[in-house]
$ cat work-v4.txt   # compact mmCIF, C-alpha atoms
# COMPACT_ATOMS: atom_id res chain seq x y z
CA MET A 113 -95.95 -248.64 29.19
CA ARG A 114 -93.37 -251.41 29.71
CA ALA A 115 -95.16 -252.59 32.87
CA ASP A 116 -98.34 -252.67 30.84
CA ALA A 117 -96.73 -254.88 28.19
CA GLN A 118 -95.47 -257.23 30.89
CA ARG A 119 -98.93 -257.44 32.41
CA LYS A 120 -100.40 -258.28 29.01
CA MET A 121 -97.81 -260.98 28.44
CA ARG A 122 -98.53 -262.52 31.82
CA ALA A 123 -102.27 -262.49 31.13
CA LEU A 124 -101.66 -264.07 27.73
CA LEU A 125 -99.51 -266.91 29.14
CA GLU A 126 -101.94 -267.51 31.98
CA SER A 127 -104.89 -267.68 29.58
CA ALA A 128 -102.96 -270.00 27.28
CA MET A 129 -102.23 -272.32 30.21
CA GLU A 130 -105.88 -272.40 31.24
CA VAL A 131 -107.13 -272.98 27.70
CA PHE A 132 -104.52 -275.72 27.11
CA GLN A 133 -105.71 -277.42 30.28
CA THR A 134 -109.40 -277.37 29.45
CA SER A 135 -109.31 -277.68 25.63
CA GLY A 136 -105.89 -279.21 24.98
CA VAL A 137 -102.81 -277.71 23.35
CA ASP A 138 -104.54 -277.63 19.95
CA ALA A 139 -107.20 -275.16 21.15
CA PRO A 140 -107.89 -272.19 18.81
CA VAL A 141 -105.54 -269.24 19.36
CA ARG A 142 -108.60 -266.95 19.12
CA GLU A 143 -109.95 -268.50 22.35
CA ILE A 144 -106.68 -267.72 24.14
CA ALA A 145 -106.55 -264.13 22.83
CA GLU A 146 -110.14 -263.45 23.88
CA ARG A 147 -109.60 -264.84 27.33
CA ALA A 148 -106.49 -262.70 27.80
CA GLY A 149 -108.21 -259.61 26.40
CA VAL A 150 -105.58 -259.07 23.70
CA GLY A 151 -105.83 -259.00 19.93
CA LEU A 152 -105.09 -262.02 17.79
CA GLY A 153 -102.28 -260.03 16.15
CA THR A 154 -100.58 -259.57 19.51
CA VAL A 155 -100.49 -263.30 20.10
CA TYR A 156 -99.00 -264.02 16.66
CA ARG A 157 -96.46 -261.19 16.96
CA HIS A 158 -95.04 -262.67 20.16
CA PHE A 159 -95.56 -266.32 19.29
CA PRO A 160 -95.43 -266.85 15.51
CA LYS A 161 -95.85 -270.62 15.88
CA ARG A 162 -98.05 -272.58 18.25
CA SER A 163 -94.99 -274.39 19.55
CA ASP A 164 -93.54 -271.00 20.62
CA LEU A 165 -96.58 -270.41 22.80
CA ILE A 166 -96.51 -273.95 24.22
CA LYS A 167 -92.81 -273.59 25.06
CA ALA A 168 -93.36 -270.22 26.75
CA VAL A 169 -96.23 -271.62 28.84
CA PHE A 170 -94.12 -274.61 29.88
CA GLN A 171 -91.15 -272.42 30.83
CA THR A 172 -93.40 -270.09 32.83
CA GLN A 173 -94.73 -273.08 34.78
CA VAL A 174 -91.24 -274.43 35.40
CA ASP A 175 -90.11 -271.00 36.59
CA ALA A 176 -93.05 -270.66 38.96
CA CYS A 177 -92.35 -274.10 40.44
CA ALA A 178 -88.63 -273.37 40.85
CA ASP A 179 -89.33 -269.96 42.40
CA ALA A 180 -91.73 -271.55 44.89
CA ALA A 181 -88.70 -273.23 46.53
CA SER A 182 -87.16 -270.03 47.90
CA ASP A 183 -90.60 -268.73 48.80
CA LEU A 184 -91.37 -271.87 50.87
CA ALA A 185 -87.87 -271.87 52.39
CA SER A 186 -88.47 -268.37 53.74
CA LYS A 187 -91.81 -269.34 55.32
CA TYR A 188 -91.33 -272.85 56.75
CA ALA A 189 -88.84 -274.99 58.66
CA PRO A 190 -86.47 -276.82 56.26
CA GLY A 191 -88.21 -280.23 56.50
CA GLU A 192 -91.64 -278.72 56.02
CA ALA A 193 -90.47 -276.49 53.14
CA LEU A 194 -89.12 -279.60 51.38
CA ALA A 195 -92.37 -281.55 51.95
CA ARG A 196 -94.46 -278.66 50.63
CA TRP A 197 -92.30 -278.14 47.59
CA MET A 198 -92.58 -281.83 46.68
CA GLN A 199 -96.37 -281.42 46.66
CA ARG A 200 -96.01 -278.19 44.66
CA TYR A 201 -94.03 -280.21 42.13
CA VAL A 202 -96.87 -282.78 42.04
CA ASP A 203 -99.20 -279.89 41.10
CA PHE A 204 -96.84 -278.84 38.35
CA ILE A 205 -96.53 -282.34 36.91
CA SER A 206 -100.12 -283.46 37.23
CA THR A 207 -101.92 -280.39 35.91
CA LYS A 208 -100.36 -280.36 32.47
CA PRO A 209 -101.21 -283.60 30.66
CA GLY A 210 -101.67 -281.71 27.38
CA LEU A 211 -98.27 -280.07 27.68
CA ALA A 212 -96.60 -283.38 28.50
CA ALA A 213 -98.03 -284.93 25.34
CA ALA A 214 -96.66 -282.05 23.26
CA LEU A 215 -93.26 -282.32 24.92
CA HIS A 216 -93.00 -286.04 24.23
CA SER A 217 -94.29 -285.72 20.66
CA GLY A 218 -90.74 -285.79 19.28
CA ASP A 219 -91.27 -282.36 17.69
CA PRO A 220 -87.79 -280.77 17.49
CA ALA A 221 -89.31 -277.47 18.69
CA TYR A 222 -89.39 -278.91 22.21
CA VAL A 223 -86.01 -280.58 22.25
CA ALA A 224 -84.42 -278.04 24.64
CA LEU A 225 -87.22 -278.11 27.22
CA PRO A 226 -86.15 -281.15 29.28
CA VAL A 227 -82.79 -279.42 29.80
CA TYR A 228 -84.58 -276.24 30.88
CA PHE A 229 -86.69 -278.34 33.24
CA SER A 230 -83.65 -279.95 34.94
CA LYS A 231 -81.61 -276.76 34.95
CA ARG A 232 -84.28 -274.93 36.93
CA LEU A 233 -85.85 -277.63 39.11
CA GLU A 234 -82.83 -279.69 40.14
CA PRO A 235 -80.99 -276.78 41.85
CA ALA A 236 -84.27 -275.70 43.49
CA LEU A 237 -84.77 -279.12 45.06
CA LYS A 238 -81.07 -279.50 45.86
CA THR A 239 -81.14 -276.30 47.92
CA LEU A 240 -84.21 -277.48 49.86
CA LEU A 241 -82.70 -280.94 50.40
CA SER A 242 -79.38 -279.56 51.69
CA ALA A 243 -81.13 -277.20 54.07
CA ALA A 244 -83.32 -280.01 55.42
CA THR A 245 -80.32 -282.34 55.75
CA ASP A 246 -78.28 -279.68 57.53
CA ALA A 247 -81.18 -279.07 59.91
CA GLY A 248 -81.27 -282.81 60.72
CA ALA A 249 -84.81 -283.05 59.34
CA VAL A 250 -84.06 -285.58 56.59
CA ARG A 251 -81.40 -288.15 55.74
CA SER A 252 -78.60 -287.43 53.29
CA GLY A 253 -77.57 -289.59 50.36
CA ILE A 254 -80.63 -289.20 48.15
CA GLU A 255 -80.15 -287.32 44.89
CA ALA A 256 -82.49 -284.49 43.92
CA ASN A 257 -82.57 -285.92 40.43
CA ASP A 258 -83.85 -289.32 41.65
CA LEU A 259 -86.61 -287.64 43.62
CA LEU A 260 -87.70 -285.52 40.63
CA ARG A 261 -87.85 -288.65 38.51
CA ALA A 262 -89.76 -290.62 41.15
CA VAL A 263 -92.43 -287.95 41.58
CA ALA A 264 -92.84 -287.56 37.83
CA THR A 265 -93.40 -291.31 37.37
CA LEU A 266 -95.75 -291.54 40.37
CA CYS A 267 -97.89 -288.81 38.75
CA ARG A 268 -98.23 -290.81 35.54
CA GLY A 269 -101.12 -293.05 34.68
CA PRO A 270 -104.80 -292.65 35.43
CA GLN A 271 -105.34 -289.74 37.81
CA ASP A 272 -108.50 -288.23 39.19
CA GLU A 273 -109.04 -284.47 39.09
CA GLU A 274 -107.10 -284.25 42.34
CA PRO A 275 -104.03 -286.52 42.30
CA VAL A 276 -104.84 -288.27 45.61
CA TYR A 277 -102.70 -291.34 44.98
CA ALA A 278 -99.66 -289.35 43.81
CA ARG A 279 -99.86 -286.99 46.80
CA LYS A 280 -100.00 -289.92 49.22
CA MET A 281 -97.04 -291.70 47.64
CA VAL A 282 -94.95 -288.50 47.51
CA GLU A 283 -95.77 -287.92 51.18
CA LEU A 284 -94.47 -291.45 51.89
CA LEU A 285 -91.24 -290.70 50.00
CA VAL A 286 -90.72 -287.52 52.04
CA ASP A 287 -91.45 -289.38 55.28
CA GLY A 288 -88.89 -291.94 54.13
CA LEU A 289 -86.35 -289.12 53.94
CA ARG A 290 -87.38 -288.01 57.43
CA TYR A 291 -87.11 -291.55 58.82
CA GLY A 292 -83.36 -291.63 58.30
CA ALA A 293 -82.74 -288.15 59.68
CA SER A 294 -79.86 -287.59 62.07
CA THR A 295 -82.15 -285.77 64.48
CA PRO A 296 -85.61 -287.34 64.41
CA ASN A 297 -88.02 -284.44 64.82
CA THR A 298 -91.61 -284.79 63.71
CA SER A 299 -92.24 -281.04 63.78
CA THR A 300 -89.74 -280.06 61.09
CA MET B 47 -93.43 -340.91 37.74
CA ARG B 48 -95.71 -338.01 38.64
CA ALA B 49 -92.90 -336.34 40.58
CA ASP B 50 -90.73 -336.74 37.51
CA ALA B 51 -93.34 -335.02 35.34
CA GLN B 52 -93.55 -332.17 37.78
CA ARG B 53 -89.79 -331.81 37.80
CA LYS B 54 -89.77 -331.68 34.01
CA MET B 55 -92.50 -329.03 33.98
CA ARG B 56 -90.58 -326.93 36.48
CA ALA B 57 -87.40 -327.22 34.41
CA LEU B 58 -89.33 -326.26 31.30
CA LEU B 59 -90.89 -323.15 32.86
CA GLU B 60 -87.57 -322.12 34.36
CA SER B 61 -85.78 -322.51 31.04
CA ALA B 62 -88.54 -320.60 29.26
CA MET B 63 -88.17 -317.75 31.75
CA GLU B 64 -84.41 -317.62 31.25
CA VAL B 65 -84.64 -317.76 27.47
CA PHE B 66 -87.37 -315.07 27.43
CA GLN B 67 -85.12 -312.85 29.51
CA THR B 68 -82.04 -313.21 27.34
CA SER B 69 -83.58 -313.62 23.88
CA GLY B 70 -87.06 -312.12 24.32
CA VAL B 71 -90.47 -313.79 24.30
CA ASP B 72 -90.19 -314.54 20.57
CA ALA B 73 -87.19 -316.85 21.09
CA PRO B 74 -87.33 -320.23 19.28
CA VAL B 75 -89.16 -322.95 21.25
CA ARG B 76 -86.34 -325.33 20.29
CA GLU B 77 -83.92 -323.25 22.40
CA ILE B 78 -86.22 -323.57 25.42
CA ALA B 79 -86.71 -327.33 24.96
CA GLU B 80 -82.96 -327.93 24.65
CA ARG B 81 -82.18 -325.87 27.73
CA ALA B 82 -84.80 -327.78 29.74
CA GLY B 83 -83.64 -331.15 28.39
CA VAL B 84 -87.08 -332.08 27.05
CA GLY B 85 -88.31 -332.89 23.57
CA LEU B 86 -89.91 -330.26 21.35
CA GLY B 87 -93.07 -332.42 21.34
CA THR B 88 -93.33 -332.20 25.11
CA VAL B 89 -93.33 -328.41 24.95
CA TYR B 90 -96.05 -328.31 22.28
CA ARG B 91 -98.17 -330.94 24.07
CA HIS B 92 -98.30 -328.84 27.24
CA PHE B 93 -98.30 -325.45 25.55
CA PRO B 94 -99.89 -325.61 22.09
CA LYS B 95 -99.50 -321.86 21.57
CA ARG B 96 -96.62 -319.58 22.50
CA SER B 97 -99.02 -317.44 24.50
CA ASP B 98 -99.82 -320.51 26.67
CA LEU B 99 -96.15 -320.80 27.59
CA ILE B 100 -95.81 -317.06 28.23
CA LYS B 101 -98.89 -317.13 30.47
CA ALA B 102 -97.59 -320.12 32.42
CA VAL B 103 -94.20 -318.47 32.95
CA PHE B 104 -95.85 -315.28 34.15
CA GLN B 105 -98.13 -317.12 36.56
CA THR B 106 -95.19 -319.12 37.93
CA GLN B 107 -93.32 -315.89 38.60
CA VAL B 108 -96.37 -314.32 40.27
CA ASP B 109 -96.81 -317.43 42.42
CA ALA B 110 -93.17 -317.44 43.48
CA CYS B 111 -93.37 -313.76 44.44
CA ALA B 112 -96.61 -314.27 46.39
CA ASP B 113 -95.25 -317.37 48.15
CA ALA B 114 -92.14 -315.44 49.18
CA ALA B 115 -94.37 -313.38 51.51
CA SER B 116 -95.13 -316.20 53.94
CA ASP B 117 -91.56 -317.45 53.67
CA LEU B 118 -90.18 -314.02 54.67
CA ALA B 119 -92.81 -313.61 57.40
CA SER B 120 -91.60 -316.83 59.01
CA LYS B 121 -87.97 -315.71 58.98
CA TYR B 122 -87.96 -312.00 59.82
CA ALA B 123 -89.62 -309.47 62.12
CA PRO B 124 -92.79 -308.02 60.52
CA GLY B 125 -91.23 -304.69 59.45
CA GLU B 126 -88.19 -306.38 57.97
CA ALA B 127 -90.31 -309.03 56.22
CA LEU B 128 -92.34 -306.26 54.58
CA ALA B 129 -89.20 -304.36 53.49
CA ARG B 130 -87.65 -307.52 52.04
CA TRP B 131 -90.81 -308.50 50.17
CA MET B 132 -91.05 -305.06 48.59
CA GLN B 133 -87.54 -305.60 47.19
CA ARG B 134 -88.52 -309.12 46.10
CA TYR B 135 -91.40 -307.53 44.21
CA VAL B 136 -88.91 -305.12 42.55
CA ASP B 137 -87.03 -308.23 41.34
CA PHE B 138 -90.22 -309.68 39.96
CA ILE B 139 -91.19 -306.48 38.14
CA SER B 140 -87.80 -305.45 36.82
CA THR B 141 -86.53 -308.78 35.51
CA LYS B 142 -89.30 -309.39 33.00
CA PRO B 143 -89.33 -306.58 30.43
CA GLY B 144 -90.13 -309.05 27.65
CA LEU B 145 -93.08 -310.49 29.55
CA ALA B 146 -94.42 -307.02 30.29
CA ALA B 147 -94.37 -306.14 26.61
CA ALA B 148 -96.35 -309.31 25.79
CA LEU B 149 -98.85 -308.58 28.58
CA HIS B 150 -99.49 -305.05 27.33
CA SER B 151 -99.67 -306.10 23.69
CA GLY B 152 -103.47 -306.14 23.79
CA ASP B 153 -103.47 -309.81 22.79
CA PRO B 154 -106.71 -311.31 24.22
CA ALA B 155 -104.70 -314.37 25.34
CA TYR B 156 -103.33 -312.29 28.21
CA VAL B 157 -106.50 -310.52 29.27
CA ALA B 158 -106.93 -312.51 32.52
CA LEU B 159 -103.37 -312.07 33.76
CA PRO B 160 -103.66 -308.67 35.46
CA VAL B 161 -106.49 -310.13 37.56
CA TYR B 162 -104.31 -313.13 38.45
CA PHE B 163 -101.53 -310.71 39.36
CA SER B 164 -103.75 -308.70 41.76
CA LYS B 165 -105.50 -311.76 43.16
CA ARG B 166 -102.21 -313.28 44.26
CA LEU B 167 -100.00 -310.29 45.12
CA GLU B 168 -102.48 -307.99 46.83
CA PRO B 169 -103.40 -310.46 49.63
CA ALA B 170 -99.71 -311.34 50.04
CA LEU B 171 -98.76 -307.72 50.64
CA LYS B 172 -101.88 -307.06 52.71
CA THR B 173 -100.90 -309.82 55.14
CA LEU B 174 -97.37 -308.45 55.50
CA LEU B 175 -98.68 -304.88 55.93
CA SER B 176 -101.19 -305.89 58.62
CA ALA B 177 -98.59 -307.84 60.54
CA ALA B 178 -96.15 -304.92 60.40
CA THR B 179 -98.86 -302.45 61.43
CA ASP B 180 -99.97 -304.67 64.31
CA ALA B 181 -96.36 -304.93 65.46
CA GLY B 182 -96.10 -301.14 65.47
CA ALA B 183 -93.37 -301.29 62.82
CA VAL B 184 -95.21 -299.26 60.16
CA ARG B 185 -98.09 -296.80 59.95
CA SER B 186 -101.57 -297.84 58.95
CA GLY B 187 -103.75 -296.22 56.29
CA ILE B 188 -101.75 -297.11 53.19
CA GLU B 189 -103.39 -299.54 50.77
CA ALA B 190 -101.48 -302.58 49.50
CA ASN B 191 -102.83 -301.80 46.05
CA ASP B 192 -101.31 -298.29 46.04
CA LEU B 193 -97.92 -299.69 47.06
CA LEU B 194 -98.00 -302.35 44.34
CA ARG B 195 -98.80 -299.67 41.78
CA ALA B 196 -96.10 -297.32 43.08
CA VAL B 197 -93.37 -299.97 42.91
CA ALA B 198 -94.43 -301.04 39.43
CA THR B 199 -94.23 -297.46 38.13
CA LEU B 200 -90.91 -296.78 39.89
CA CYS B 201 -89.47 -299.83 38.10
CA ARG B 202 -90.46 -298.48 34.70
CA GLY B 203 -88.22 -296.53 32.39
CA PRO B 204 -84.52 -296.91 31.73
CA GLN B 205 -82.98 -299.35 34.20
CA ASP B 206 -79.51 -300.72 34.50
CA GLU B 207 -78.89 -304.44 34.92
CA GLU B 208 -79.42 -304.00 38.64
CA PRO B 209 -82.36 -301.64 39.36
CA VAL B 210 -80.40 -299.37 41.71
CA TYR B 211 -82.71 -296.39 41.41
CA ALA B 212 -85.90 -298.44 41.89
CA ARG B 213 -84.48 -300.22 44.95
CA LYS B 214 -83.51 -296.92 46.55
CA MET B 215 -86.92 -295.36 45.93
CA VAL B 216 -88.78 -298.43 47.22
CA GLU B 217 -86.59 -298.37 50.32
CA LEU B 218 -87.65 -294.73 50.82
CA LEU B 219 -91.31 -295.70 50.50
CA VAL B 220 -90.90 -298.42 53.12
CA ASP B 221 -89.04 -296.04 55.43
CA GLY B 222 -91.93 -293.62 54.92
CA LEU B 223 -94.25 -296.34 56.24
CA ARG B 224 -91.92 -296.85 59.20
CA TYR B 225 -91.76 -293.11 59.91
CA GLY B 226 -95.42 -292.96 60.85
CA ALA B 227 -95.35 -296.12 63.00
CA SER B 228 -97.07 -296.11 66.37
CA THR B 229 -93.94 -297.54 68.02
CA PRO B 230 -90.86 -296.11 66.35
CA ASN B 231 -88.37 -298.94 66.35
CA THR B 232 -85.53 -298.96 63.86
CA SER B 233 -84.78 -302.63 64.36
CA THR B 234 -88.09 -304.04 63.09

$ encode --input "work-v4.txt" --output "structure tokens"
Amino acid sequence: MRADAQRKMRALLESAMEVFQTSGVDAPVREIAERAGVGLGTVYRHFPKRSDLIKAVFQTQVDACADAASDLASKYAPGEALARWMQRYVDFISTKPGLAAALHSGDPAYVALPVYFSKRLEPALKTLLSAATDAGAVRSGIEANDLLRAVATLCRGPQDEEPVYARKMVELLVDGLRYGASTPNTST
Amino acid sequence: MRADAQRKMRALLESAMEVFQTSGVDAPVREIAERAGVGLGTVYRHFPKRSDLIKAVFQTQVDACADAASDLASKYAPGEALARWMQRYVDFISTKPGLAAALHSGDPAYVALPVYFSKRLEPALKTLLSAATDAGAVRSGIEANDLLRAVATLCRGPQDEEPVYARKMVELLVDGLRYGASTPNTST
């Protein structure tokens, strides 16, 4: 019963994300409910206001991006895990133009989200950076916060469906980190 | 006599640039004339409208930045010349917030300036990039245009007097270019 409720909530947040992406954050709630296979009442019970739903979707995306860090760290060498996470972060930033507009709307409902964003993503990147530095795969002396900011700004502006330009520039930034490594090693 | 006129024009454009930087592009023309040591009439004869003066200042800055490319190429190894020009371009971008605001105001007077900007700076960077690639100092396959765009966006947003963050990120980008070089050589 509780697992079922969790599954429903996940489906609802996933559907909301998809609908926000295709139809914008002002899309009808009915469309989201139908896609998730839940009643309209269920949506409003959990998310009385639209901003509640937008916040929950944003936090879910931030969580998924932060959690990807430990997942990648367990699968790849430190330098490669860092490089892959930076591209995962590009995905996160560049697939939510509608959400970004809502966040920067000045609506007080969203005022706590930038803090949530930093509180989850900065430690995730810091851990990857330290591991890569310790392994001699990248240079030290670059702050996680500066990198998060750089990627976010590189993802701004006109983008195609697939953020080709942003991916290339983020790859350059990561290679820049590798260039100054204590132990140059192209395979990490 | 003609040399004297040129000197006066240079002093006028330089003063205008300085006044725009400290007091904004709406600063009184009298202030600019006084600083340059020319009469108010001289300013209005050469630049009937304020937008004429703003355009001329912008073009002068673009020209100086473009001309710096060949100057640096004659003094430094290709990789170093490229790295130094990228920082020179940061100077150009980050010291003219007032000009940028005017340029993006939508005023038709400024409509040709972005073209002027690309027409002068893209070939300048292309030449430096090719030389550095040929020398084996940096990788190939990165477009001058993408780099110009990346630096411009990295310079946006809150900056201190000295653009510490932007300089660091641009340095990373350049090191990223070096990382993929055919002949790794940290001294170029």

$ closest_residue --input "work-v4.txt" --among "A:Ala262, A:Ala212, A:Ala256, A:Ala139" --to "chain B" --atoms "all atoms listed in the file"
A:Ala262

$ atom_distance --input "work-v4.txt" --atom1 "atom CA of Ser186 of chain B" --atom2 "atom CA of Gly288 of chain A"
14.8 Å

$ closest_atom_pairs --input "work-v4.txt" --of "chain A" --to "chain B" --cutoff "6 Å" --atoms "all atoms listed in the file" --output "JSON lines"
{"residue": "A:Leu284", "atom": "CA", "partner": "B:Gly222", "partner_atom": "CA", "distance": 4.5}
{"residue": "A:Leu285", "atom": "CA", "partner": "B:Leu219", "partner_atom": "CA", "distance": 5.0}
{"residue": "A:Asp287", "atom": "CA", "partner": "B:Gly222", "partner_atom": "CA", "distance": 4.3}
{"residue": "A:Gly288", "atom": "CA", "partner": "B:Gly222", "partner_atom": "CA", "distance": 3.6}
{"residue": "A:Tyr291", "atom": "CA", "partner": "B:Tyr225", "partner_atom": "CA", "distance": 5.0}

$ residues_near_point --input "work-v4.txt" --point "(-89.5, -315.0, 32.5)" --cutoff "6 Å" --atoms "only C-alpha atoms" --output "PyMOL selection string"
chain B and resi 63-64+66-67+103+142

$ residues_around --input "work-v4.txt" --residues "Phe163 of chain B" --least-positions-apart "6" --cutoff "10 Å" --atoms "only C-alpha atoms" --output "list in words"
Phe104, Gln105, Gln107, Val108, Asp109 and Ala112 of chain B

$ residues_around --input "work-v4.txt" --residues "segment 149-159 of chain A" --least-positions-apart "6" --cutoff "9 Å" --atoms "all atoms listed in the file" --output "PyMOL selection string"
chain A and resi 120-121+123-124+141-142+165+168

$ atom_distance --input "work-v4.txt" --atom1 "atom CA of Lys172 of chain B" --atom2 "atom CA of Thr106 of chain B"
20.2 Å

$ residues_around --input "work-v4.txt" --residues "Ser228 of chain B" --least-positions-apart "3" --cutoff "10 Å" --atoms "all atoms listed in the file" --output "list in words"
Thr179, Asp180, Ala181, Gly182, Ala183, Val184, Arg185, Ser186, Arg224, Tyr225 and Asn231 of chain B

$ atom_distance --input "work-v4.txt" --atom1 "atom CA of Thr239 of chain A" --atom2 "atom CA of Leu194 of chain A"
9.3 Å
